[in-house]
Amino acid sequence: MSSLRAEPFAAEDLTRNDFLGGAVRLWQPKDGYRAGVDPVLLAASIPAQPGQTVLELGCGGGAALACLATRVRGVTCAGVEKQPAYADLAQRNLDDNGLTGVVHCADLAALPEAVKSQRFDHVIANPPYFEDFRAVAPRSQDRAVSRSGALPLETWVSVASRRLKPGGVATFIQRADRLPELMSAFFACLGALELWPIHPRSARPARLVLLRGRKERRAAFIAHPPLVLHCGETHEKDGDSYTETVSKVLRTPKPLPFPERMPQVNRPARR
């Protein structure tokens, strides 16, 4: 039996939730993959401009695309999602929010001609966080597909690179413990890499990372200071502890730009 959810979600199986303080309203399954902060942070970090094109690989229910297209009006979105029910849901979420975009039901290894014939200004991805052999199966099959996958990160990055215009930007969000694999894949086909670690709290290690690279561009690798999600050292029950920066990004259509590259200082040669 296939683990892919093929049948569309029934109306009673969905909820409609506010994102970005209600600027985006997304249909989501009650029991299945539900978007958290990760796609919102990813979308906010993309330096897209009106008139540009954005492709998301593995777009799920379309949370990242909808948040990005709401913040940057005038971008044209495309999504690829292999689970038919989620591809249908992502298209519905774009349409119901009045956004321009087409979601294709396809596997990354067999993209439709409509995607392969294009080059995009931005390619974004929030790949499954666990490899199949490491994953602990969640309750529902479709959530399992979203959390773990058979395709290595190398394939995700290679597909992203091929779909970019020269100078185009690929941005991924991923678990910090998979950073070595992700960086190796980026180094193989992209340049001007920038790493932005995401720490739950200032005294805790990174759990997520944002990694960006550009096609056919060269620049020194940069590891930026961390983005910290929560204030304080411990969780406060029933308290809203997001930092001011993160709170604005989650509750309004505000950008979360990568820190600026510092200009390189020309050091005098040693004698």
# chains A, B, ... in the order shown; residues from 1 in each chain; ligands from 1
call {"tool": "residues_around", "arguments": {"residues": "stretch 245-255 of chain A", "least_positions_apart": "6", "cutoff": "7 Å", "atoms": "only C-alpha atoms", "output": "ChimeraX atom specification"}}
result
/A:19-21,40,44-45,71,229
call {"tool": "write_last_selection", "arguments": {"atoms": "C-alpha atoms", "output": "compact mmCIF listing (two decimals), in the first residue's frame"}}
result
# COMPACT_ATOMS: atom_id res chain seq x y z
CA PHE A 19 -0.64 32.96 9.90
CA LEU A 20 1.18 36.30 9.94
CA GLY A 21 -1.44 37.73 12.25
CA VAL A 40 7.30 31.00 8.12
CA ALA A 44 10.56 35.61 5.63
CA SER A 45 14.25 35.10 4.88
CA ARG A 71 4.73 39.60 1.96
CA LEU A 229 13.90 32.36 18.85
call {"tool": "residues_around", "arguments": {"residues": "A:Gln49", "least_positions_apart": "3", "cutoff": "12 Å", "atoms": "only C-alpha atoms", "output": "ChimeraX atom specification"}}
result
/A:46,52-54,68-76,121-122,255
call {"tool": "atom_distance", "arguments": {"atom1": "atom CA of A:Pro197", "atom2": "atom CA of A:Cys59"}}
result
22.0 Å
call {"tool": "residues_around", "arguments": {"residues": "A:Pro205", "least_positions_apart": "6", "cutoff": "10 Å", "atoms": "only C-alpha atoms", "output": "VMD selection string"}}
result
chain A and resid 176 197 to 199 226
call {"tool": "atom_distance", "arguments": {"atom1": "atom CA of A:Pro39", "atom2": "atom CA of A:Ala63"}}
result
6.3 Å
call {"tool": "decode", "arguments": {"residues": "stretch 192-208 of chain A", "atoms": "all heavy atoms", "output": "PDB file, in the first residue's frame"}}
result
ATOM      1  N   ALA A 192      29.015  31.245  -2.834  1.00  0.00           N
ATOM      2  CA  ALA A 192      28.649  32.350  -1.938  1.00  0.00           C
ATOM      3  C   ALA A 192      27.754  31.869  -0.810  1.00  0.00           C
ATOM      4  O   ALA A 192      26.723  32.476  -0.507  1.00  0.00           O
ATOM      5  CB  ALA A 192      27.979  33.476  -2.725  1.00  0.00           C
ATOM      6  N   LEU A 193      28.145  30.788  -0.146  1.00  0.00           N
ATOM      7  CA  LEU A 193      27.311  30.177   0.884  1.00  0.00           C
ATOM      8  C   LEU A 193      27.242  31.032   2.139  1.00  0.00           C
ATOM      9  O   LEU A 193      28.236  31.631   2.565  1.00  0.00           O
ATOM     10  CB  LEU A 193      27.834  28.786   1.247  1.00  0.00           C
ATOM     11  CG  LEU A 193      27.248  27.613   0.443  1.00  0.00           C
ATOM     12  CD1 LEU A 193      27.500  27.783  -1.040  1.00  0.00           C
ATOM     13  CD2 LEU A 193      27.820  26.295   0.946  1.00  0.00           C
ATOM     14  N   GLU A 194      26.032  31.076   2.724  1.00  0.00           N
ATOM     15  CA  GLU A 194      25.807  31.780   3.982  1.00  0.00           C
ATOM     16  C   GLU A 194      25.017  30.877   4.918  1.00  0.00           C
ATOM     17  O   GLU A 194      23.953  30.365   4.546  1.00  0.00           O
ATOM     18  CB  GLU A 194      25.026  33.073   3.751  1.00  0.00           C
ATOM     19  CG  GLU A 194      25.751  34.091   2.888  1.00  0.00           C
ATOM     20  CD  GLU A 194      24.922  35.352   2.713  1.00  0.00           C
ATOM     21  OE1 GLU A 194      24.657  36.038   3.726  1.00  0.00           O
ATOM     22  OE2 GLU A 194      24.521  35.626   1.571  1.00  0.00           O
ATOM     23  N   LEU A 195      25.519  30.726   6.128  1.00  0.00           N
ATOM     24  CA  LEU A 195      24.881  29.897   7.145  1.00  0.00           C
ATOM     25  C   LEU A 195      24.318  30.790   8.241  1.00  0.00           C
ATOM     26  O   LEU A 195      25.014  31.666   8.753  1.00  0.00           O
ATOM     27  CB  LEU A 195      25.903  28.927   7.754  1.00  0.00           C
ATOM     28  CG  LEU A 195      25.463  28.154   8.996  1.00  0.00           C
ATOM     29  CD1 LEU A 195      24.337  27.196   8.667  1.00  0.00           C
ATOM     30  CD2 LEU A 195      26.660  27.412   9.606  1.00  0.00           C
ATOM     31  N   TRP A 196      23.059  30.537   8.598  1.00  0.00           N
ATOM     32  CA  TRP A 196      22.423  31.287   9.682  1.00  0.00           C
ATOM     33  C   TRP A 196      21.857  30.278  10.680  1.00  0.00           C
ATOM     34  O   TRP A 196      20.768  29.748  10.459  1.00  0.00           O
ATOM     35  CB  TRP A 196      21.337  32.200   9.135  1.00  0.00           C
ATOM     36  CG  TRP A 196      20.939  33.301  10.074  1.00  0.00           C
ATOM     37  CD1 TRP A 196      21.497  33.605  11.281  1.00  0.00           C
ATOM     38  CD2 TRP A 196      19.909  34.276   9.864  1.00  0.00           C
ATOM     39  NE1 TRP A 196      20.892  34.700  11.837  1.00  0.00           N
ATOM     40  CE2 TRP A 196      19.901  35.137  10.995  1.00  0.00           C
ATOM     41  CE3 TRP A 196      18.990  34.502   8.834  1.00  0.00           C
ATOM     42  CZ2 TRP A 196      19.012  36.199  11.116  1.00  0.00           C
ATOM     43  CZ3 TRP A 196      18.103  35.565   8.957  1.00  0.00           C
ATOM     44  CH2 TRP A 196      18.120  36.402  10.090  1.00  0.00           C
ATOM     45  N   PRO A 197      22.564  30.015  11.770  1.00  0.00           N
ATOM     46  CA  PRO A 197      22.052  29.058  12.762  1.00  0.00           C
ATOM     47  C   PRO A 197      20.841  29.628  13.490  1.00  0.00           C
ATOM     48  O   PRO A 197      20.752  30.833  13.732  1.00  0.00           O
ATOM     49  CB  PRO A 197      23.233  28.878  13.729  1.00  0.00           C
ATOM     50  CG  PRO A 197      24.412  29.508  13.064  1.00  0.00           C
ATOM     51  CD  PRO A 197      23.881  30.542  12.135  1.00  0.00           C
ATOM     52  N   ILE A 198      19.909  28.766  13.859  1.00  0.00           N
ATOM     53  CA  ILE A 198      18.710  29.160  14.594  1.00  0.00           C
ATOM     54  C   ILE A 198      18.724  28.449  15.944  1.00  0.00           C
ATOM     55  O   ILE A 198      18.625  27.222  16.007  1.00  0.00           O
ATOM     56  CB  ILE A 198      17.429  28.805  13.815  1.00  0.00           C
ATOM     57  CG1 ILE A 198      17.446  29.490  12.443  1.00  0.00           C
ATOM     58  CG2 ILE A 198      16.185  29.213  14.606  1.00  0.00           C
ATOM     59  CD1 ILE A 198      16.279  29.089  11.550  1.00  0.00           C
ATOM     60  N   HIS A 199      18.869  29.239  17.011  1.00  0.00           N
ATOM     61  CA  HIS A 199      18.941  28.683  18.359  1.00  0.00           C
ATOM     62  C   HIS A 199      17.600  28.865  19.062  1.00  0.00           C
ATOM     63  O   HIS A 199      17.003  29.954  18.987  1.00  0.00           O
ATOM     64  CB  HIS A 199      20.028  29.390  19.173  1.00  0.00           C
ATOM     65  CG  HIS A 199      21.419  29.126  18.689  1.00  0.00           C
ATOM     66  ND1 HIS A 199      22.409  28.652  19.516  1.00  0.00           N
ATOM     67  CD2 HIS A 199      21.991  29.260  17.460  1.00  0.00           C
ATOM     68  CE1 HIS A 199      23.529  28.517  18.831  1.00  0.00           C
ATOM     69  NE2 HIS A 199      23.295  28.881  17.579  1.00  0.00           N
ATOM     70  N   PRO A 200      17.118  27.852  19.767  1.00  0.00           N
ATOM     71  CA  PRO A 200      15.871  28.047  20.514  1.00  0.00           C
ATOM     72  C   PRO A 200      16.012  29.107  21.602  1.00  0.00           C
ATOM     73  O   PRO A 200      15.101  29.896  21.838  1.00  0.00           O
ATOM     74  CB  PRO A 200      15.576  26.661  21.098  1.00  0.00           C
ATOM     75  CG  PRO A 200      16.874  25.942  21.073  1.00  0.00           C
ATOM     76  CD  PRO A 200      17.630  26.486  19.908  1.00  0.00           C
ATOM     77  N   ARG A 201      17.158  29.114  22.267  1.00  0.00           N
ATOM     78  CA  ARG A 201      17.478  30.125  23.281  1.00  0.00           C
ATOM     79  C   ARG A 201      18.973  30.408  23.215  1.00  0.00           C
ATOM     80  O   ARG A 201      19.748  29.612  22.680  1.00  0.00           O
ATOM     81  CB  ARG A 201      17.072  29.644  24.684  1.00  0.00           C
ATOM     82  CG  ARG A 201      15.567  29.400  24.787  1.00  0.00           C
ATOM     83  CD  ARG A 201      15.130  28.944  26.167  1.00  0.00           C
ATOM     84  NE  ARG A 201      13.719  28.555  26.140  1.00  0.00           N
ATOM     85  CZ  ARG A 201      12.698  29.405  26.243  1.00  0.00           C
ATOM     86  NH1 ARG A 201      12.947  30.692  26.424  1.00  0.00           N
ATOM     87  NH2 ARG A 201      11.450  28.980  26.184  1.00  0.00           N
ATOM     88  N   SER A 202      19.383  31.544  23.771  1.00  0.00           N
ATOM     89  CA  SER A 202      20.759  31.994  23.586  1.00  0.00           C
ATOM     90  C   SER A 202      21.787  31.020  24.138  1.00  0.00           C
ATOM     91  O   SER A 202      22.894  30.912  23.603  1.00  0.00           O
ATOM     92  CB  SER A 202      20.949  33.373  24.230  1.00  0.00           C
ATOM     93  OG  SER A 202      20.654  33.322  25.620  1.00  0.00           O
ATOM     94  N   ALA A 203      21.443  30.309  25.203  1.00  0.00           N
ATOM     95  CA  ALA A 203      22.409  29.408  25.839  1.00  0.00           C
ATOM     96  C   ALA A 203      22.278  27.969  25.353  1.00  0.00           C
ATOM     97  O   ALA A 203      22.934  27.077  25.892  1.00  0.00           O
ATOM     98  CB  ALA A 203      22.248  29.454  27.360  1.00  0.00           C
ATOM     99  N   ARG A 204      21.440  27.743  24.348  1.00  0.00           N
ATOM    100  CA  ARG A 204      21.238  26.390  23.849  1.00  0.00           C
ATOM    101  C   ARG A 204      21.790  26.258  22.433  1.00  0.00           C
ATOM    102  O   ARG A 204      21.816  27.222  21.676  1.00  0.00           O
ATOM    103  CB  ARG A 204      19.758  26.020  23.876  1.00  0.00           C
ATOM    104  CG  ARG A 204      19.187  25.967  25.291  1.00  0.00           C
ATOM    105  CD  ARG A 204      17.766  25.457  25.289  1.00  0.00           C
ATOM    106  NE  ARG A 204      17.199  25.471  26.637  1.00  0.00           N
ATOM    107  CZ  ARG A 204      15.964  25.097  26.923  1.00  0.00           C
ATOM    108  NH1 ARG A 204      15.170  24.664  25.949  1.00  0.00           N
ATOM    109  NH2 ARG A 204      15.516  25.143  28.164  1.00  0.00           N
ATOM    110  N   PRO A 205      22.221  25.062  22.058  1.00  0.00           N
ATOM    111  CA  PRO A 205      22.775  24.876  20.715  1.00  0.00           C
ATOM    112  C   PRO A 205      21.708  25.009  19.636  1.00  0.00           C
ATOM    113  O   PRO A 205      20.504  24.877  19.895  1.00  0.00           O
ATOM    114  CB  PRO A 205      23.342  23.454  20.757  1.00  0.00           C
ATOM    115  CG  PRO A 205      22.579  22.770  21.841  1.00  0.00           C
ATOM    116  CD  PRO A 205      22.283  23.824  22.861  1.00  0.00           C
ATOM    117  N   ALA A 206      22.159  25.265  18.435  1.00  0.00           N
ATOM    118  CA  ALA A 206      21.244  25.393  17.302  1.00  0.00           C
ATOM    119  C   ALA A 206      20.506  24.085  17.064  1.00  0.00           C
ATOM    120  O   ALA A 206      21.082  23.001  17.143  1.00  0.00           O
ATOM    121  CB  ALA A 206      22.012  25.788  16.048  1.00  0.00           C
ATOM    122  N   ARG A 207      19.224  24.203  16.752  1.00  0.00           N
ATOM    123  CA  ARG A 207      18.426  23.037  16.372  1.00  0.00           C
ATOM    124  C   ARG A 207      18.078  23.076  14.886  1.00  0.00           C
ATOM    125  O   ARG A 207      17.834  22.052  14.278  1.00  0.00           O
ATOM    126  CB  ARG A 207      17.153  22.963  17.211  1.00  0.00           C
ATOM    127  CG  ARG A 207      17.426  22.724  18.684  1.00  0.00           C
ATOM    128  CD  ARG A 207      16.145  22.488  19.451  1.00  0.00           C
ATOM    129  NE  ARG A 207      15.458  21.290  18.996  1.00  0.00           N
ATOM    130  CZ  ARG A 207      14.275  20.899  19.453  1.00  0.00           C
ATOM    131  NH1 ARG A 207      13.645  21.625  20.362  1.00  0.00           N
ATOM    132  NH2 ARG A 207      13.710  19.793  19.000  1.00  0.00           N
ATOM    133  N   LEU A 208      18.041  24.274  14.332  1.00  0.00           N
ATOM    134  CA  LEU A 208      17.763  24.448  12.913  1.00  0.00           C
ATOM    135  C   LEU A 208      18.816  25.357  12.303  1.00  0.00           C
ATOM    136  O   LEU A 208      19.493  26.108  13.016  1.00  0.00           O
ATOM    137  CB  LEU A 208      16.382  25.075  12.696  1.00  0.00           C
ATOM    138  CG  LEU A 208      15.149  24.284  13.116  1.00  0.00           C
ATOM    139  CD1 LEU A 208      13.910  25.174  13.017  1.00  0.00           C
ATOM    140  CD2 LEU A 208      14.983  23.046  12.265  1.00  0.00           C
TER     141      LEU A 208
END
